[in-house]
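Printed here is protein.csv (CSV, N, CA and C atoms):
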chain,number,residue,atom,x,y,z
A,1,MET,N,-16.7,-3.4,-27.5
A,1,MET,CA,-16.4,-2.1,-28.2
A,1,MET,C,-17.4,-1.0,-27.9
A,2,PHE,N,-18.7,-1.4,-27.9
A,2,PHE,CA,-19.8,-0.4,-27.6
A,2,PHE,C,-19.7,0.0,-26.2
A,3,LEU,N,-19.4,-0.9,-25.2
A,3,LEU,CA,-19.4,-0.6,-23.8
A,3,LEU,C,-18.2,0.4,-23.5
A,4,GLN,N,-17.1,0.1,-24.2
A,4,GLN,CA,-15.9,1.0,-24.0
A,4,GLN,C,-16.2,2.4,-24.6
A,5,LEU,N,-16.9,2.5,-25.7
A,5,LEU,CA,-17.2,3.8,-26.2
A,5,LEU,C,-18.2,4.5,-25.3
A,6,LYS,N,-19.2,3.8,-24.8
A,6,LYS,CA,-20.1,4.3,-23.8
A,6,LYS,C,-19.4,4.8,-22.6
A,7,ALA,N,-18.4,4.1,-22.1
A,7,ALA,CA,-17.6,4.5,-20.9
A,7,ALA,C,-16.8,5.7,-21.2
A,8,ARG,N,-16.2,5.8,-22.4
A,8,ARG,CA,-15.5,7.0,-22.7
A,8,ARG,C,-16.4,8.3,-22.8
A,9,ALA,N,-17.5,8.1,-23.4
A,9,ALA,CA,-18.5,9.2,-23.5
A,9,ALA,C,-19.0,9.7,-22.1
A,10,GLY,N,-19.3,8.7,-21.3
A,10,GLY,CA,-19.7,9.0,-19.9
A,10,GLY,C,-18.6,9.7,-19.2
A,11,TYR,N,-17.4,9.3,-19.3
A,11,TYR,CA,-16.3,9.9,-18.6
A,11,TYR,C,-16.0,11.3,-19.1
A,12,TRP,N,-16.1,11.5,-20.4
A,12,TRP,CA,-16.0,12.8,-21.0
A,12,TRP,C,-17.0,13.8,-20.4
A,13,LEU,N,-18.3,13.4,-20.4
A,13,LEU,CA,-19.3,14.2,-19.8
A,13,LEU,C,-19.1,14.4,-18.3
A,14,ALA,N,-18.7,13.4,-17.6
A,14,ALA,CA,-18.5,13.6,-16.2
A,14,ALA,C,-17.4,14.6,-15.9
A,15,ARG,N,-16.3,14.5,-16.7
A,15,ARG,CA,-15.2,15.5,-16.5
A,15,ARG,C,-15.7,16.9,-16.7
A,16,ARG,N,-16.6,17.1,-17.6
A,16,ARG,CA,-17.2,18.5,-17.9
A,16,ARG,C,-18.1,18.9,-16.7
A,17,LEU,N,-19.0,18.0,-16.3
A,17,LEU,CA,-19.9,18.3,-15.2
A,17,LEU,C,-19.2,18.4,-13.8
A,18,PHE,N,-18.0,17.9,-13.7
A,18,PHE,CA,-17.3,18.0,-12.4
A,18,PHE,C,-17.0,19.4,-12.1
A,19,HIS,N,-16.9,20.3,-13.0
A,19,HIS,CA,-16.7,21.7,-12.8
A,19,HIS,C,-17.9,22.5,-12.5
A,20,TRP,N,-19.1,21.9,-12.5
A,20,TRP,CA,-20.3,22.5,-12.1
A,20,TRP,C,-20.6,22.2,-10.7
A,21,SER,N,-20.3,23.2,-9.8
A,21,SER,CA,-20.4,22.9,-8.4
A,21,SER,C,-21.9,22.5,-7.9
A,22,TRP,N,-22.9,23.0,-8.6
A,22,TRP,CA,-24.2,22.7,-8.2
A,22,TRP,C,-24.5,21.2,-8.5
A,23,PHE,N,-23.9,20.7,-9.5
A,23,PHE,CA,-24.1,19.2,-9.9
A,23,PHE,C,-23.3,18.3,-8.9
A,24,VAL,N,-22.1,18.7,-8.6
A,24,VAL,CA,-21.3,17.9,-7.7
A,24,VAL,C,-21.9,17.9,-6.3
A,25,ARG,N,-22.6,18.9,-5.8
A,25,ARG,CA,-23.2,19.0,-4.5
A,25,ARG,C,-24.4,18.1,-4.4
A,26,GLN,N,-25.0,17.7,-5.5
A,26,GLN,CA,-26.2,16.8,-5.5
A,26,GLN,C,-25.7,15.4,-5.2
A,27,PRO,N,-26.3,14.7,-4.2
A,27,PRO,CA,-25.8,13.3,-4.0
A,27,PRO,C,-25.9,12.4,-5.2
A,28,ARG,N,-27.1,12.5,-5.9
A,28,ARG,CA,-27.2,11.6,-7.0
A,28,ARG,C,-26.2,12.0,-8.1
A,29,GLY,N,-26.0,13.3,-8.3
A,29,GLY,CA,-25.0,13.7,-9.3
A,29,GLY,C,-23.6,13.2,-9.0
A,30,TRP,N,-23.2,13.4,-7.7
A,30,TRP,CA,-21.9,12.9,-7.3
A,30,TRP,C,-21.7,11.4,-7.5
A,31,ARG,N,-22.8,10.7,-7.1
A,31,ARG,CA,-22.7,9.2,-7.3
A,31,ARG,C,-22.5,8.8,-8.8
A,32,TRP,N,-23.2,9.5,-9.6
A,32,TRP,CA,-23.1,9.3,-11.1
A,32,TRP,C,-21.7,9.6,-11.5
A,33,LEU,N,-21.1,10.8,-11.1
A,33,LEU,CA,-19.8,11.2,-11.5
A,33,LEU,C,-18.8,10.1,-11.0
A,34,GLU,N,-18.9,9.7,-9.8
A,34,GLU,CA,-17.9,8.7,-9.2
A,34,GLU,C,-18.0,7.4,-10.0
A,35,GLY,N,-19.2,7.0,-10.4
A,35,GLY,CA,-19.4,5.8,-11.2
A,35,GLY,C,-18.6,5.9,-12.5
A,36,GLN,N,-18.7,7.1,-13.2
A,36,GLN,CA,-18.0,7.3,-14.5
A,36,GLN,C,-16.5,7.3,-14.3
A,37,PHE,N,-16.1,8.0,-13.2
A,37,PHE,CA,-14.6,8.0,-13.0
A,37,PHE,C,-14.1,6.6,-12.7
A,38,ALA,N,-14.8,5.9,-11.8
A,38,ALA,CA,-14.4,4.5,-11.4
A,38,ALA,C,-14.4,3.6,-12.6
A,39,ARG,N,-15.4,3.7,-13.5
A,39,ARG,CA,-15.4,2.8,-14.7
A,39,ARG,C,-14.2,3.0,-15.6
A,40,MET,N,-13.9,4.3,-15.9
A,40,MET,CA,-12.7,4.5,-16.7
A,40,MET,C,-11.4,4.1,-16.1
A,41,ALA,N,-11.3,4.4,-14.8
A,41,ALA,CA,-10.1,4.0,-14.1
A,41,ALA,C,-9.9,2.5,-14.1
A,42,ASN,N,-11.0,1.7,-13.9
A,42,ASN,CA,-11.0,0.3,-13.9
A,42,ASN,C,-10.7,-0.3,-15.3
A,43,LEU,N,-11.0,0.5,-16.3
A,43,LEU,CA,-10.7,0.1,-17.7
A,43,LEU,C,-9.2,0.3,-18.0
A,44,GLY,N,-8.5,0.9,-17.1
A,44,GLY,CA,-7.0,1.1,-17.3
A,44,GLY,C,-6.6,2.4,-17.9
A,45,ASP,N,-7.5,3.4,-18.0
A,45,ASP,CA,-7.2,4.7,-18.6
A,45,ASP,C,-6.3,5.4,-17.6
A,46,VAL,N,-5.1,5.7,-17.9
A,46,VAL,CA,-4.1,6.3,-17.0
A,46,VAL,C,-4.6,7.7,-16.5
A,47,GLY,N,-5.1,8.5,-17.4
A,47,GLY,CA,-5.6,9.8,-17.0
A,47,GLY,C,-6.7,9.7,-16.0
A,48,ALA,N,-7.6,8.7,-16.2
A,48,ALA,CA,-8.7,8.5,-15.3
A,48,ALA,C,-8.2,8.0,-13.9
A,49,GLN,N,-7.2,7.1,-14.0
A,49,GLN,CA,-6.6,6.6,-12.7
A,49,GLN,C,-6.0,7.7,-11.9
A,50,SER,N,-5.3,8.6,-12.6
A,50,SER,CA,-4.7,9.7,-11.9
A,50,SER,C,-5.7,10.7,-11.3
A,51,PHE,N,-6.7,11.0,-12.2
A,51,PHE,CA,-7.7,12.0,-11.7
A,51,PHE,C,-8.6,11.4,-10.6
A,52,TYR,N,-9.1,10.2,-10.7
A,52,TYR,CA,-9.9,9.7,-9.7
A,52,TYR,C,-9.1,9.3,-8.5
A,53,GLY,N,-7.9,8.9,-8.7
A,53,GLY,CA,-7.0,8.6,-7.6
A,53,GLY,C,-6.7,9.8,-6.7
A,54,HIS,N,-6.5,11.0,-7.3
A,54,HIS,CA,-6.4,12.2,-6.6
A,54,HIS,C,-7.6,12.6,-5.8
A,55,ILE,N,-8.8,12.4,-6.4
A,55,ILE,CA,-10.0,12.7,-5.7
A,55,ILE,C,-10.2,11.8,-4.5
A,56,LEU,N,-9.9,10.5,-4.7
A,56,LEU,CA,-10.1,9.6,-3.5
A,56,LEU,C,-9.1,9.8,-2.5
A,57,ALA,N,-7.8,10.0,-2.9
A,57,ALA,CA,-6.7,10.1,-1.9
A,57,ALA,C,-6.9,11.4,-1.0
A,58,PHE,N,-7.4,12.4,-1.6
A,58,PHE,CA,-7.4,13.7,-0.9
A,58,PHE,C,-8.8,14.2,-0.5
A,59,ARG,N,-9.8,13.6,-1.1
A,59,ARG,CA,-11.2,14.1,-0.7
A,59,ARG,C,-12.1,12.9,-0.4
A,60,GLY,N,-11.6,11.7,-0.5
A,60,GLY,CA,-12.4,10.5,-0.3
A,60,GLY,C,-12.8,10.4,1.2
A,61,VAL,N,-14.0,9.8,1.4
A,61,VAL,CA,-14.4,9.6,2.8
A,61,VAL,C,-14.1,8.2,3.3
A,62,GLY,N,-13.3,8.1,4.3
A,62,GLY,CA,-12.9,6.9,4.9
A,62,GLY,C,-11.6,6.4,4.5
A,63,LEU,N,-11.0,5.4,5.3
A,63,LEU,CA,-9.7,4.9,5.0
A,63,LEU,C,-9.7,4.1,3.7
A,64,GLY,N,-10.8,3.4,3.4
A,64,GLY,CA,-10.9,2.6,2.2
A,64,GLY,C,-10.8,3.4,0.9
A,65,ALA,N,-11.4,4.6,1.0
A,65,ALA,CA,-11.3,5.5,-0.2
A,65,ALA,C,-9.9,6.0,-0.4
A,66,ARG,N,-9.3,6.4,0.7
A,66,ARG,CA,-7.9,6.9,0.6
A,66,ARG,C,-6.9,5.8,0.1
A,67,GLU,N,-7.1,4.6,0.6
A,67,GLU,CA,-6.2,3.5,0.1
A,67,GLU,C,-6.5,3.2,-1.4
A,68,GLU,N,-7.7,3.2,-1.8
A,68,GLU,CA,-8.0,3.0,-3.2
A,68,GLU,C,-7.4,4.1,-4.0
A,69,GLY,N,-7.5,5.3,-3.5
A,69,GLY,CA,-6.9,6.5,-4.3
A,69,GLY,C,-5.4,6.3,-4.4
A,70,VAL,N,-4.7,5.9,-3.4
A,70,VAL,CA,-3.3,5.7,-3.5
A,70,VAL,C,-3.0,4.5,-4.4
A,71,ARG,N,-3.8,3.5,-4.4
A,71,ARG,CA,-3.6,2.4,-5.4
A,71,ARG,C,-3.7,2.9,-6.8
A,72,LEU,N,-4.8,3.7,-7.1
A,72,LEU,CA,-5.0,4.2,-8.4
A,72,LEU,C,-3.8,5.1,-8.8
A,73,LEU,N,-3.4,6.0,-7.9
A,73,LEU,CA,-2.3,6.9,-8.2
A,73,LEU,C,-1.0,6.1,-8.5
A,74,ARG,N,-0.8,5.0,-7.8
A,74,ARG,CA,0.4,4.2,-8.0
A,74,ARG,C,0.3,3.5,-9.4
A,75,LEU,N,-0.8,3.1,-9.8
A,75,LEU,CA,-1.0,2.5,-11.1
A,75,LEU,C,-0.7,3.5,-12.2
A,76,ALA,N,-1.2,4.7,-12.0
A,76,ALA,CA,-1.0,5.8,-13.0
A,76,ALA,C,0.5,6.2,-13.0
A,77,ALA,N,1.1,6.2,-11.9
A,77,ALA,CA,2.5,6.6,-11.8
A,77,ALA,C,3.4,5.6,-12.5
A,78,LEU,N,3.1,4.3,-12.3
A,78,LEU,CA,3.9,3.3,-13.0
A,78,LEU,C,3.6,3.3,-14.5
A,79,ALA,N,2.5,3.8,-14.9
A,79,ALA,CA,2.2,3.9,-16.3
A,79,ALA,C,2.8,5.2,-16.9
A,80,GLY,N,3.5,6.1,-16.1
A,80,GLY,CA,4.2,7.2,-16.7
A,80,GLY,C,3.5,8.6,-16.4
A,81,ASP,N,2.5,8.6,-15.6
A,81,ASP,CA,1.9,9.9,-15.2
A,81,ASP,C,2.7,10.6,-14.2
A,82,GLY,N,3.3,11.8,-14.6
A,82,GLY,CA,4.2,12.5,-13.7
A,82,GLY,C,3.5,13.1,-12.4
A,83,LYS,N,2.3,13.6,-12.6
A,83,LYS,CA,1.6,14.2,-11.4
A,83,LYS,C,1.3,13.1,-10.4
A,84,ALA,N,0.9,12.0,-10.9
A,84,ALA,CA,0.6,10.8,-10.0
A,84,ALA,C,1.8,10.3,-9.3
A,85,ALA,N,2.9,10.3,-10.1
A,85,ALA,CA,4.2,9.8,-9.5
A,85,ALA,C,4.7,10.8,-8.4
A,86,TYR,N,4.5,12.1,-8.6
A,86,TYR,CA,4.9,13.0,-7.6
A,86,TYR,C,4.1,12.8,-6.3
A,87,GLN,N,2.8,12.7,-6.5
A,87,GLN,CA,1.9,12.5,-5.3
A,87,GLN,C,2.2,11.2,-4.6
A,88,VAL,N,2.4,10.2,-5.3
A,88,VAL,CA,2.8,8.9,-4.7
A,88,VAL,C,4.0,9.0,-3.8
A,89,GLY,N,5.0,9.8,-4.4
A,89,GLY,CA,6.2,10.1,-3.6
A,89,GLY,C,5.9,10.8,-2.3
A,90,VAL,N,5.1,11.8,-2.4
A,90,VAL,CA,4.7,12.6,-1.2
A,90,VAL,C,4.0,11.7,-0.2
A,91,ILE,N,3.1,10.9,-0.6
A,91,ILE,CA,2.3,10.0,0.2
A,91,ILE,C,3.2,8.9,0.8
A,92,THR,N,4.1,8.4,0.0
A,92,THR,CA,5.0,7.3,0.5
A,92,THR,C,6.0,7.9,1.6
A,93,LEU,N,6.4,9.1,1.4
A,93,LEU,CA,7.3,9.7,2.4
A,93,LEU,C,6.6,10.0,3.7
A,94,ALA,N,5.3,10.4,3.6
A,94,ALA,CA,4.5,10.6,4.8
A,94,ALA,C,4.1,9.3,5.5
A,95,GLY,N,3.9,8.3,4.7
A,95,GLY,CA,3.4,7.0,5.2
A,95,GLY,C,1.9,7.0,5.2
A,96,THR,N,1.3,5.8,5.2
A,96,THR,CA,-0.1,5.6,5.2
A,96,THR,C,-0.5,4.8,6.4
A,97,ALA,N,-1.8,4.5,6.6
A,97,ALA,CA,-2.2,3.7,7.7
A,97,ALA,C,-1.7,2.3,7.6
A,98,SER,N,-1.4,1.8,6.4
A,98,SER,CA,-1.0,0.4,6.3
A,98,SER,C,0.5,0.3,6.0
A,99,LYS,N,1.2,1.4,5.7
A,99,LYS,CA,2.6,1.4,5.4
A,99,LYS,C,3.4,2.5,6.1
A,100,ALA,N,4.6,2.1,6.6
A,100,ALA,CA,5.4,3.1,7.2
A,100,ALA,C,6.1,4.0,6.2
A,101,PRO,N,6.5,5.2,6.5
A,101,PRO,CA,7.2,6.1,5.6
A,101,PRO,C,8.5,5.4,5.0
A,102,ASP,N,8.6,5.6,3.7
A,102,ASP,CA,9.7,4.9,3.0
A,102,ASP,C,10.4,5.9,2.1
A,103,PRO,N,11.5,6.5,2.5
A,103,PRO,CA,12.2,7.6,1.7
A,103,PRO,C,12.8,7.0,0.4
A,104,VAL,N,13.2,5.8,0.4
A,104,VAL,CA,13.8,5.2,-0.8
A,104,VAL,C,12.7,5.0,-1.9
A,105,GLU,N,11.6,4.6,-1.5
A,105,GLU,CA,10.5,4.4,-2.5
A,105,GLU,C,10.0,5.8,-3.0
A,106,ALA,N,9.9,6.8,-2.0
A,106,ALA,CA,9.5,8.1,-2.4
A,106,ALA,C,10.5,8.7,-3.4
A,107,ALA,N,11.8,8.5,-3.2
A,107,ALA,CA,12.8,9.0,-4.2
A,107,ALA,C,12.6,8.3,-5.6
A,108,ARG,N,12.3,7.0,-5.6
A,108,ARG,CA,12.0,6.3,-6.8
A,108,ARG,C,10.9,6.9,-7.6
A,109,PHE,N,9.8,7.2,-6.9
A,109,PHE,CA,8.6,7.9,-7.6
A,109,PHE,C,8.9,9.3,-8.0
A,110,TRP,N,9.7,10.0,-7.2
A,110,TRP,CA,10.0,11.4,-7.6
A,110,TRP,C,11.0,11.4,-8.8
A,111,GLU,N,11.8,10.4,-8.9
A,111,GLU,CA,12.6,10.2,-10.1
A,111,GLU,C,11.8,10.0,-11.4
A,112,MET,N,10.7,9.2,-11.2
A,112,MET,CA,9.8,8.9,-12.3
A,112,MET,C,9.1,10.2,-12.7
A,113,ALA,N,8.7,11.0,-11.7
A,113,ALA,CA,8.0,12.3,-11.9
A,113,ALA,C,8.9,13.3,-12.6
A,114,ALA,N,10.2,13.3,-12.2
A,114,ALA,CA,11.1,14.2,-12.8
A,114,ALA,C,11.3,13.9,-14.3
A,115,LYS,N,11.4,12.6,-14.6
A,115,LYS,CA,11.6,12.1,-15.9
A,115,LYS,C,10.4,12.5,-16.8
A,116,ALA,N,9.2,12.5,-16.1
A,116,ALA,CA,8.0,12.9,-16.8
A,116,ALA,C,7.8,14.4,-16.9
A,117,GLY,N,8.7,15.1,-16.3
A,117,GLY,CA,8.6,16.6,-16.4
A,117,GLY,C,7.9,17.3,-15.3
A,118,HIS,N,7.7,16.7,-14.2
A,118,HIS,CA,7.0,17.4,-13.1
A,118,HIS,C,8.0,18.4,-12.5
A,119,PRO,N,7.6,19.7,-12.4
A,119,PRO,CA,8.6,20.7,-12.0
A,119,PRO,C,9.0,20.6,-10.5
A,120,LEU,N,8.2,20.0,-9.6
A,120,LEU,CA,8.6,20.0,-8.2
A,120,LEU,C,9.4,18.8,-7.8
A,121,ALA,N,9.4,17.7,-8.7
A,121,ALA,CA,10.0,16.5,-8.3
A,121,ALA,C,11.5,16.6,-8.1
A,122,PRO,N,12.3,17.4,-8.9
A,122,PRO,CA,13.7,17.5,-8.7
A,122,PRO,C,14.0,18.3,-7.4
A,123,ILE,N,13.1,19.2,-7.0
A,123,ILE,CA,13.3,19.9,-5.7
A,123,ILE,C,13.1,19.0,-4.6
A,124,LYS,N,12.1,18.1,-4.6
A,124,LYS,CA,11.8,17.2,-3.6
A,124,LYS,C,13.0,16.2,-3.5
A,125,LEU,N,13.5,15.7,-4.6
A,125,LEU,CA,14.6,14.8,-4.6
A,125,LEU,C,15.8,15.4,-3.9
A,126,GLU,N,16.1,16.7,-4.2
A,126,GLU,CA,17.2,17.4,-3.6
A,126,GLU,C,17.0,17.6,-2.1
A,127,GLU,N,15.8,17.9,-1.7
A,127,GLU,CA,15.5,18.1,-0.3
A,127,GLU,C,15.7,16.7,0.4
A,128,LEU,N,15.3,15.7,-0.2
A,128,LEU,CA,15.4,14.3,0.4
A,128,LEU,C,16.9,13.9,0.6
A,129,LYS,N,17.6,14.2,-0.5
A,129,LYS,CA,19.1,13.8,-0.4
A,129,LYS,C,19.8,14.7,0.6
A,130,SER,N,19.5,16.0,0.7
A,130,SER,CA,20.2,16.8,1.7
A,130,SER,C,19.8,16.5,3.1
A,131,SER,N,18.5,16.1,3.3
A,131,SER,CA,18.1,15.7,4.7
A,131,SER,C,18.6,14.4,5.1
A,132,SER,N,18.9,13.5,4.2
A,132,SER,CA,19.5,12.2,4.6
A,132,SER,C,21.0,12.1,4.5
A,133,ALA,N,21.6,13.1,4.1
A,133,ALA,CA,23.1,13.2,4.0
A,133,ALA,C,23.7,13.3,5.5
A,134,PRO,N,24.7,12.6,5.7
A,134,PRO,CA,25.3,12.6,7.1
A,134,PRO,C,25.9,14.0,7.3
A,135,ARG,N,25.8,14.5,8.6
A,135,ARG,CA,26.3,15.8,8.9
A,135,ARG,C,27.5,15.8,9.7
Final structure tokens representation of the file:
Amino acid sequence: MFLQLKARAGYWLARRLFHWSWFVRQPRGWRWLEGQFARMANLGDVGAQSFYGHILAFRGVGLGAREEGVRLLRLAALAGDGKAAYQVGVITLAGTASKAPDPVEAARFWEMAAKAGHPLAPIKLEELKSSSAPR
């Protein structure tokens, strides 16, 4: 109980400090922030999975960071996070180093995102359907 409370407090503080560019640019500060984000994501917090997944997928250094970011985004999407579901759809349609592009799975994630209220998901679904329709 105490460790979970400590993790939540650390995550709350890290999210506030994340907006202070001078702190983020410090190597020790960034390592501390990443530790807080990773701890909350590993505890199963959907918001932390989505937030840290976005950071790793789009700003992470190396293939391992990107793959971990996609994994965290997928977990958050399956838990109902609309923004994460939209991004997983985009990544799935583009393909990754370990997976080929999959329009069917992308559509599935965009449907989840649309149900969660993401404004761009219905547009992407329509684009996908119109591009795959026979001419």
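Within 6.5 Å of the point (-1.3, 11.9, -13.3) in file coordinates, and counting only N, CA and C atoms, lie the residues Val46, Gly47, Gln49, Ser50, Phe51, Ala76, Ala77, Asp81, Gly82, Lys83, Ala84 and Ala85 of chain A.
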### Query
In Å, with one decimal, what is the gap from atom C of Trp12 (chain A) to CA of Leu33 (chain A)?
9.7 Å
Which polymer residues have any atom within 10 Å of an atom of region 110-125 of chain A, counting only C-alpha atoms, with same-chain residues fewer than 4 positions away left out, as a compact mmCIF listing (two decimals) with N, CA and C atoms, in the frame of the given file?
# COMPACT_ATOMS: atom_id res chain seq x y z
N ALA A 77 1.10 6.20 -11.90
CA ALA A 77 2.50 6.60 -11.80
C ALA A 77 3.40 5.60 -12.50
N LEU A 78 3.10 4.30 -12.30
CA LEU A 78 3.90 3.30 -13.00
C LEU A 78 3.60 3.30 -14.50
N ALA A 79 2.50 3.80 -14.90
CA ALA A 79 2.20 3.90 -16.30
C ALA A 79 2.80 5.20 -16.90
N GLY A 80 3.50 6.10 -16.10
CA GLY A 80 4.20 7.20 -16.70
C GLY A 80 3.50 8.60 -16.40
N ASP A 81 2.50 8.60 -15.60
CA ASP A 81 1.90 9.90 -15.20
C ASP A 81 2.70 10.60 -14.20
N GLY A 82 3.30 11.80 -14.60
CA GLY A 82 4.20 12.50 -13.70
C GLY A 82 3.50 13.10 -12.40
N LYS A 83 2.30 13.60 -12.60
CA LYS A 83 1.60 14.20 -11.40
C LYS A 83 1.30 13.10 -10.40
N ALA A 84 0.90 12.00 -10.90
CA ALA A 84 0.60 10.80 -10.00
C ALA A 84 1.80 10.30 -9.30
N ALA A 85 2.90 10.30 -10.10
CA ALA A 85 4.20 9.80 -9.50
C ALA A 85 4.70 10.80 -8.40
N TYR A 86 4.50 12.10 -8.60
CA TYR A 86 4.90 13.00 -7.60
C TYR A 86 4.10 12.80 -6.30
N GLN A 87 2.80 12.70 -6.50
CA GLN A 87 1.90 12.50 -5.30
C GLN A 87 2.20 11.20 -4.60
N VAL A 88 2.40 10.20 -5.30
CA VAL A 88 2.80 8.90 -4.70
C VAL A 88 4.00 9.00 -3.80
N GLY A 89 5.00 9.80 -4.40
CA GLY A 89 6.20 10.10 -3.60
C GLY A 89 5.90 10.80 -2.30
N VAL A 90 5.10 11.80 -2.40
CA VAL A 90 4.70 12.60 -1.20
C VAL A 90 4.00 11.70 -0.20
N PRO A 103 11.50 6.50 2.50
CA PRO A 103 12.20 7.60 1.70
C PRO A 103 12.80 7.00 0.40
N VAL A 104 13.20 5.80 0.40
CA VAL A 104 13.80 5.20 -0.80
C VAL A 104 12.70 5.00 -1.90
N GLU A 105 11.60 4.60 -1.50
CA GLU A 105 10.50 4.40 -2.50
C GLU A 105 10.00 5.80 -3.00
N ALA A 106 9.90 6.80 -2.00
CA ALA A 106 9.50 8.10 -2.40
C ALA A 106 10.50 8.70 -3.40
N LYS A 129 17.60 14.20 -0.50
CA LYS A 129 19.10 13.80 -0.40
C LYS A 129 19.80 14.70 0.60
N SER A 130 19.50 16.00 0.70
CA SER A 130 20.20 16.80 1.70
C SER A 130 19.80 16.50 3.10
N SER A 131 18.50 16.10 3.30
CA SER A 131 18.10 15.70 4.70
C SER A 131 18.60 14.40 5.10
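Of the listed residues (A:Ala65, A:Lys6, A:Arg25, A:Tyr52), A:Tyr52 comes nearest to Ala38 (chain A); the distances count all atoms listed in the file.
Counting only C-alpha atoms, the residue from A:His54, A:Glu127, A:Gln36, A:Arg74 that sits nearest to Arg16 (chain A) is A:Gln36.
CA of Thr96 (chain A) is positioned 19.2 Å from atom N of Leu128 (chain A).
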### Task
Enumerate, as a PyMOL selection string, the complete set of residues in chain A that a backbone-based DSSP assignment places in helix (DSSP H, G or I).
chain A and resi 2-17+21-24+27-42+46-59+63-78+82-94+103-115+121-132
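Going from atom C of Arg39 (chain A) over to CA of Trp22 (chain A), you cover 23.3 Å.
At a cut-off of 9 Å from (-1.3, 5.3, -2.6), the residue set is Gly53, Ala57, Arg66, Glu67, Glu68, Gly69, Val70, Arg71, Leu72, Leu73, Arg74, Leu75, Gln87, Val88, Gly89, Ile91, Thr92 and Thr96 of chain A (counting only C-alpha atoms).
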